[in-house]
>>> print(open('structure.pdb').read())   # PDB, C-alpha atoms
ATOM      1  CA  MET A   1     -32.711  22.874 -74.840  1.00  0.00           C
ATOM      2  CA  SER A   2     -32.275  21.546 -71.324  1.00  0.00           C
ATOM      3  CA  ALA A   3     -32.619  17.890 -70.402  1.00  0.00           C
ATOM      4  CA  ASN A   4     -35.959  18.561 -68.703  1.00  0.00           C
ATOM      5  CA  GLU A   5     -37.357  20.300 -71.806  1.00  0.00           C
ATOM      6  CA  GLY A   6     -36.152  17.418 -73.985  1.00  0.00           C
ATOM      7  CA  SER A   7     -37.751  14.907 -71.653  1.00  0.00           C
ATOM      8  CA  ASN A   8     -41.021  16.845 -71.678  1.00  0.00           C
ATOM      9  CA  ALA A   9     -40.985  17.021 -75.499  1.00  0.00           C
ATOM     10  CA  TYR A  10     -40.320  13.286 -75.733  1.00  0.00           C
ATOM     11  CA  TRP A  11     -43.134  12.327 -73.354  1.00  0.00           C
ATOM     12  CA  SER A  12     -45.490  14.833 -74.918  1.00  0.00           C
ATOM     13  CA  ALA A  13     -44.928  13.239 -78.333  1.00  0.00           C
ATOM     14  CA  ASN A  14     -45.309   9.769 -76.794  1.00  0.00           C
ATOM     15  CA  VAL A  15     -48.612  10.608 -75.073  1.00  0.00           C
ATOM     16  CA  ARG A  16     -49.917  12.304 -78.238  1.00  0.00           C
ATOM     17  CA  LEU A  17     -49.119   9.174 -80.256  1.00  0.00           C
ATOM     18  CA  ILE A  18     -50.866   6.963 -77.691  1.00  0.00           C
ATOM     19  CA  LEU A  19     -53.963   9.161 -77.635  1.00  0.00           C
ATOM     20  CA  ILE A  20     -54.210   9.263 -81.437  1.00  0.00           C
ATOM     21  CA  SER A  21     -53.846   5.477 -81.586  1.00  0.00           C
ATOM     22  CA  LEU A  22     -56.544   4.977 -78.951  1.00  0.00           C
ATOM     23  CA  VAL A  23     -58.939   7.332 -80.748  1.00  0.00           C
ATOM     24  CA  ILE A  24     -58.425   5.469 -84.034  1.00  0.00           C
ATOM     25  CA  TRP A  25     -58.965   2.108 -82.346  1.00  0.00           C
ATOM     26  CA  ALA A  26     -62.081   3.336 -80.505  1.00  0.00           C
ATOM     27  CA  LEU A  27     -63.498   4.793 -83.713  1.00  0.00           C
ATOM     28  CA  VAL A  28     -62.946   1.556 -85.604  1.00  0.00           C
ATOM     29  CA  SER A  29     -64.064  -0.890 -82.909  1.00  0.00           C
ATOM     30  CA  PHE A  30     -66.818   1.033 -81.148  1.00  0.00           C
ATOM     31  CA  GLY A  31     -67.807   3.489 -83.872  1.00  0.00           C
ATOM     32  CA  PHE A  32     -67.829   1.249 -86.946  1.00  0.00           C
ATOM     33  CA  GLY A  33     -68.658  -1.984 -85.138  1.00  0.00           C
ATOM     34  CA  ILE A  34     -71.501  -0.723 -82.938  1.00  0.00           C
ATOM     35  CA  ILE A  35     -72.685   2.826 -83.598  1.00  0.00           C
ATOM     36  CA  LEU A  36     -72.383   2.901 -87.395  1.00  0.00           C
ATOM     37  CA  ARG A  37     -73.282  -0.754 -87.926  1.00  0.00           C
ATOM     38  CA  PRO A  38     -76.795  -0.031 -89.273  1.00  0.00           C
ATOM     39  CA  LEU A  39     -75.317   2.360 -91.853  1.00  0.00           C
ATOM     40  CA  LEU A  40     -72.705  -0.199 -92.922  1.00  0.00           C
ATOM     41  CA  SER A  41     -75.103  -3.144 -93.128  1.00  0.00           C
ATOM     42  CA  GLY A  42     -75.693  -2.742 -96.876  1.00  0.00           C
ATOM     43  CA  ILE A  43     -72.011  -3.133 -97.756  1.00  0.00           C
ATOM     44  CA  SER A  44     -70.922  -6.764 -98.083  1.00  0.00           C
ATOM     45  CA  VAL A  45     -67.420  -7.962 -97.165  1.00  0.00           C
ATOM     46  CA  GLY A  46     -66.602 -11.649 -97.309  1.00  0.00           C
ATOM     47  CA  GLY A  47     -70.228 -12.695 -97.247  1.00  0.00           C
ATOM     48  CA  THR A  48     -71.216 -10.565 -94.239  1.00  0.00           C
ATOM     49  CA  ASP A  49     -72.029  -6.898 -93.717  1.00  0.00           C
ATOM     50  CA  LEU A  50     -69.253  -4.382 -93.145  1.00  0.00           C
ATOM     51  CA  GLY A  51     -70.429  -3.390 -89.640  1.00  0.00           C
ATOM     52  CA  PHE A  52     -70.269  -6.994 -88.444  1.00  0.00           C
ATOM     53  CA  TRP A  53     -66.867  -7.400 -90.125  1.00  0.00           C
ATOM     54  CA  PHE A  54     -65.497  -4.359 -88.271  1.00  0.00           C
ATOM     55  CA  ALA A  55     -66.874  -5.680 -84.976  1.00  0.00           C
ATOM     56  CA  GLN A  56     -65.406  -9.164 -85.468  1.00  0.00           C
ATOM     57  CA  GLN A  57     -62.302  -8.796 -87.645  1.00  0.00           C
ATOM     58  CA  GLY A  58     -61.617  -5.179 -88.532  1.00  0.00           C
ATOM     59  CA  SER A  59     -60.989  -3.882 -85.033  1.00  0.00           C
ATOM     60  CA  ILE A  60     -58.472  -6.669 -84.397  1.00  0.00           C
ATOM     61  CA  LEU A  61     -56.633  -5.999 -87.662  1.00  0.00           C
ATOM     62  CA  VAL A  62     -56.578  -2.256 -87.017  1.00  0.00           C
ATOM     63  CA  PHE A  63     -55.277  -2.930 -83.497  1.00  0.00           C
ATOM     64  CA  LEU A  64     -52.427  -5.037 -84.902  1.00  0.00           C
ATOM     65  CA  ALA A  65     -51.617  -2.358 -87.477  1.00  0.00           C
ATOM     66  CA  LEU A  66     -51.577   0.260 -84.707  1.00  0.00           C
ATOM     67  CA  ILE A  67     -49.146  -1.862 -82.670  1.00  0.00           C
ATOM     68  CA  PHE A  68     -46.687  -2.026 -85.573  1.00  0.00           C
ATOM     69  CA  PHE A  69     -47.164   1.686 -86.358  1.00  0.00           C
ATOM     70  CA  TYR A  70     -46.598   2.612 -82.700  1.00  0.00           C
ATOM     71  CA  ALA A  71     -43.396   0.561 -82.508  1.00  0.00           C
ATOM     72  CA  TRP A  72     -42.092   2.076 -85.757  1.00  0.00           C
ATOM     73  CA  ARG A  73     -42.956   5.645 -84.731  1.00  0.00           C
ATOM     74  CA  MET A  74     -41.530   5.218 -81.226  1.00  0.00           C
ATOM     75  CA  ASN A  75     -38.236   4.013 -82.719  1.00  0.00           C
ATOM     76  CA  GLN A  76     -38.166   7.250 -84.744  1.00  0.00           C
ATOM     77  CA  LEU A  77     -38.974   9.349 -81.657  1.00  0.00           C
ATOM     78  CA  ASP A  78     -36.288   7.541 -79.673  1.00  0.00           C
ATOM     79  CA  LYS A  79     -33.710   8.387 -82.350  1.00  0.00           C
ATOM     80  CA  GLU A  80     -34.873  12.021 -82.545  1.00  0.00           C
ATOM     81  CA  HIS A  81     -34.518  12.458 -78.774  1.00  0.00           C
ATOM     82  CA  GLY A  82     -31.347  10.409 -78.348  1.00  0.00           C
ATOM     83  CA  VAL A  83     -32.802   7.599 -76.255  1.00  0.00           C
ATOM     84  CA  ASP A  84     -32.707   4.841 -78.871  1.00  0.00           C
ATOM     85  CA  GLU A  85     -31.201   1.423 -78.369  1.00  0.00           C
ATOM     86  CA  GLU A  86     -28.106   0.762 -80.418  1.00  0.00           C
TER      87      GLU A  86
END
>>> encode(input="structure.pdb", output="structure tokens")
Amino acid sequence: MSANEGSNAYWSANVRLILISLVIWALVSFGFGIILRPLLSGISVGGTDLGFWFAQQGSILVFLALIFFYAWRMNQLDKEHGVDEE
């Protein structure tokens, strides 16, 4: 594999990871918090309905989880492609 092919594979994996993370975050924040809120209104979490919880708390917690997942996965990708920090 040439250096250019390795670079393309690395950035392709990086962009794929970013896109998947953004889709998950959009689904949780916009989908669950706004679009699906009427369907989730009957489920109670912490004294409020689940749709409101996703809009106020859930999207933030999912975003934080995605940050840690992205950092962990990028460290793995860096090691796989030989661009990790030692």
>>> resolve_selection(input="structure.pdb", expression="the PyMOL selection byres ((chain A and resi 24-26) around 12)", output="compact mmCIF listing (two decimals) with C-alpha atoms, in the coordinates of the input")
# COMPACT_ATOMS: atom_id res chain seq x y z
CA LEU A 17 -49.12 9.17 -80.26
CA ILE A 18 -50.87 6.96 -77.69
CA LEU A 19 -53.96 9.16 -77.64
CA ILE A 20 -54.21 9.26 -81.44
CA SER A 21 -53.85 5.48 -81.59
CA LEU A 22 -56.54 4.98 -78.95
CA VAL A 23 -58.94 7.33 -80.75
CA LEU A 27 -63.50 4.79 -83.71
CA VAL A 28 -62.95 1.56 -85.60
CA SER A 29 -64.06 -0.89 -82.91
CA PHE A 30 -66.82 1.03 -81.15
CA GLY A 31 -67.81 3.49 -83.87
CA PHE A 32 -67.83 1.25 -86.95
CA GLY A 33 -68.66 -1.98 -85.14
CA ILE A 34 -71.50 -0.72 -82.94
CA ILE A 35 -72.68 2.83 -83.60
CA PHE A 54 -65.50 -4.36 -88.27
CA ALA A 55 -66.87 -5.68 -84.98
CA GLY A 58 -61.62 -5.18 -88.53
CA SER A 59 -60.99 -3.88 -85.03
CA ILE A 60 -58.47 -6.67 -84.40
CA LEU A 61 -56.63 -6.00 -87.66
CA VAL A 62 -56.58 -2.26 -87.02
CA PHE A 63 -55.28 -2.93 -83.50
CA LEU A 64 -52.43 -5.04 -84.90
CA ALA A 65 -51.62 -2.36 -87.48
CA LEU A 66 -51.58 0.26 -84.71
CA ILE A 67 -49.15 -1.86 -82.67
>>> atom_distance(input="structure.pdb", atom1="atom CA of A:Asp78", atom2="atom CA of A:Ala9")
11.4 Å
>>> atom_distance(input="structure.pdb", atom1="atom CA of A:Glu80", atom2="atom CA of A:Ala13")
11.0 Å
>>> atom_distance(input="structure.pdb", atom1="atom CA of A:Gln56", atom2="atom CA of A:Tyr70")
22.4 Å
>>> residues_around(input="structure.pdb", residues="A:Leu50", least_positions_apart="4", cutoff="6 Å", atoms="only C-alpha atoms", output="list of chain:residue names")
A:Leu40, A:Ser41, A:Ile43, A:Ser44, A:Val45
>>> closest_residue(input="structure.pdb", among="A:Glu86, A:Arg73, A:Gln57, A:His81", to="A:Asn8", atoms="all atoms listed in the file")
A:His81
>>> axis_aligned_box(input="structure.pdb", around="stretch 15-29 of chain A", padding_each_side="6 Å", output="lines of an AutoDock Vina configuration file")
center_x = -56.3
center_y = 5.7
center_z = -80.3
size_x = 27.5
size_y = 25.2
size_z = 22.5
>>> decode(input="structure.pdb", residues="stretch 6-18 of chain A", atoms="all heavy atoms", output="compact mmCIF listing (two decimals), in the first residue's frame")
# COMPACT_ATOMS: atom_id res chain seq x y z
N GLY A 6 -2.70 4.81 1.97
CA GLY A 6 -2.82 4.76 3.43
C GLY A 6 -3.44 6.02 3.99
O GLY A 6 -4.27 5.98 4.90
N SER A 7 -3.05 7.16 3.43
CA SER A 7 -3.62 8.43 3.86
C SER A 7 -5.10 8.50 3.52
O SER A 7 -5.90 8.96 4.33
CB SER A 7 -2.86 9.59 3.19
OG SER A 7 -3.44 10.82 3.54
N ASN A 8 -5.46 8.04 2.33
CA ASN A 8 -6.87 8.03 1.93
C ASN A 8 -7.69 7.11 2.82
O ASN A 8 -8.82 7.45 3.20
CB ASN A 8 -7.02 7.62 0.47
CG ASN A 8 -6.60 8.70 -0.49
OD1 ASN A 8 -6.49 9.87 -0.12
ND2 ASN A 8 -6.33 8.32 -1.73
N ALA A 9 -7.14 5.95 3.18
CA ALA A 9 -7.85 5.01 4.05
C ALA A 9 -8.04 5.61 5.44
O ALA A 9 -9.11 5.47 6.05
CB ALA A 9 -7.10 3.69 4.14
N TYR A 10 -7.02 6.28 5.93
CA TYR A 10 -7.09 6.91 7.25
C TYR A 10 -8.17 8.00 7.28
O TYR A 10 -9.02 8.02 8.16
CB TYR A 10 -5.72 7.51 7.61
CG TYR A 10 -5.72 8.31 8.89
CD1 TYR A 10 -5.73 7.67 10.12
CD2 TYR A 10 -5.70 9.70 8.87
CE1 TYR A 10 -5.72 8.38 11.31
CE2 TYR A 10 -5.70 10.43 10.05
CZ TYR A 10 -5.70 9.76 11.26
OH TYR A 10 -5.70 10.48 12.43
N TRP A 11 -8.14 8.89 6.29
CA TRP A 11 -9.12 9.98 6.27
C TRP A 11 -10.52 9.48 5.95
O TRP A 11 -11.51 10.04 6.44
CB TRP A 11 -8.69 11.08 5.32
CG TRP A 11 -7.59 11.89 5.94
CD1 TRP A 11 -6.27 11.87 5.61
CD2 TRP A 11 -7.72 12.77 7.06
NE1 TRP A 11 -5.57 12.70 6.45
CE2 TRP A 11 -6.44 13.26 7.36
CE3 TRP A 11 -8.79 13.19 7.83
CZ2 TRP A 11 -6.21 14.16 8.38
CZ3 TRP A 11 -8.56 14.08 8.85
CH2 TRP A 11 -7.27 14.56 9.12
N SER A 12 -10.62 8.44 5.18
CA SER A 12 -11.93 7.85 4.91
C SER A 12 -12.54 7.30 6.19
O SER A 12 -13.73 7.50 6.47
CB SER A 12 -11.79 6.75 3.86
OG SER A 12 -13.00 6.09 3.67
N ALA A 13 -11.74 6.60 6.98
CA ALA A 13 -12.21 6.07 8.27
C ALA A 13 -12.55 7.20 9.22
O ALA A 13 -13.55 7.13 9.96
CB ALA A 13 -11.16 5.15 8.87
N ASN A 14 -11.76 8.27 9.21
CA ASN A 14 -12.00 9.42 10.08
C ASN A 14 -13.32 10.10 9.71
O ASN A 14 -14.15 10.37 10.58
CB ASN A 14 -10.84 10.40 9.96
CG ASN A 14 -10.95 11.56 10.93
OD1 ASN A 14 -11.86 11.63 11.74
ND2 ASN A 14 -10.00 12.47 10.83
N VAL A 15 -13.53 10.36 8.44
CA VAL A 15 -14.77 11.02 7.99
C VAL A 15 -15.98 10.13 8.26
O VAL A 15 -17.03 10.61 8.69
CB VAL A 15 -14.66 11.40 6.50
CG1 VAL A 15 -16.01 11.84 5.94
CG2 VAL A 15 -13.63 12.50 6.30
N ARG A 16 -15.84 8.83 8.06
CA ARG A 16 -16.95 7.90 8.35
C ARG A 16 -17.31 7.95 9.83
O ARG A 16 -18.50 8.01 10.19
CB ARG A 16 -16.56 6.48 7.95
CG ARG A 16 -17.67 5.49 8.06
CD ARG A 16 -17.31 4.08 7.58
NE ARG A 16 -16.18 4.03 6.67
CZ ARG A 16 -15.00 3.48 6.96
NH1 ARG A 16 -14.79 2.92 8.13
NH2 ARG A 16 -14.02 3.46 6.07
N LEU A 17 -16.32 7.98 10.69
CA LEU A 17 -16.56 8.05 12.13
C LEU A 17 -17.25 9.37 12.51
O LEU A 17 -18.18 9.38 13.31
CB LEU A 17 -15.23 7.91 12.89
CG LEU A 17 -15.28 7.93 14.40
CD1 LEU A 17 -16.14 6.78 14.93
CD2 LEU A 17 -13.88 7.83 14.96
N ILE A 18 -16.83 10.46 11.90
CA ILE A 18 -17.45 11.76 12.17
C ILE A 18 -18.90 11.75 11.72
O ILE A 18 -19.80 12.21 12.45
CB ILE A 18 -16.66 12.89 11.48
CG1 ILE A 18 -15.31 13.09 12.17
CG2 ILE A 18 -17.46 14.20 11.49
CD1 ILE A 18 -14.38 14.01 11.42
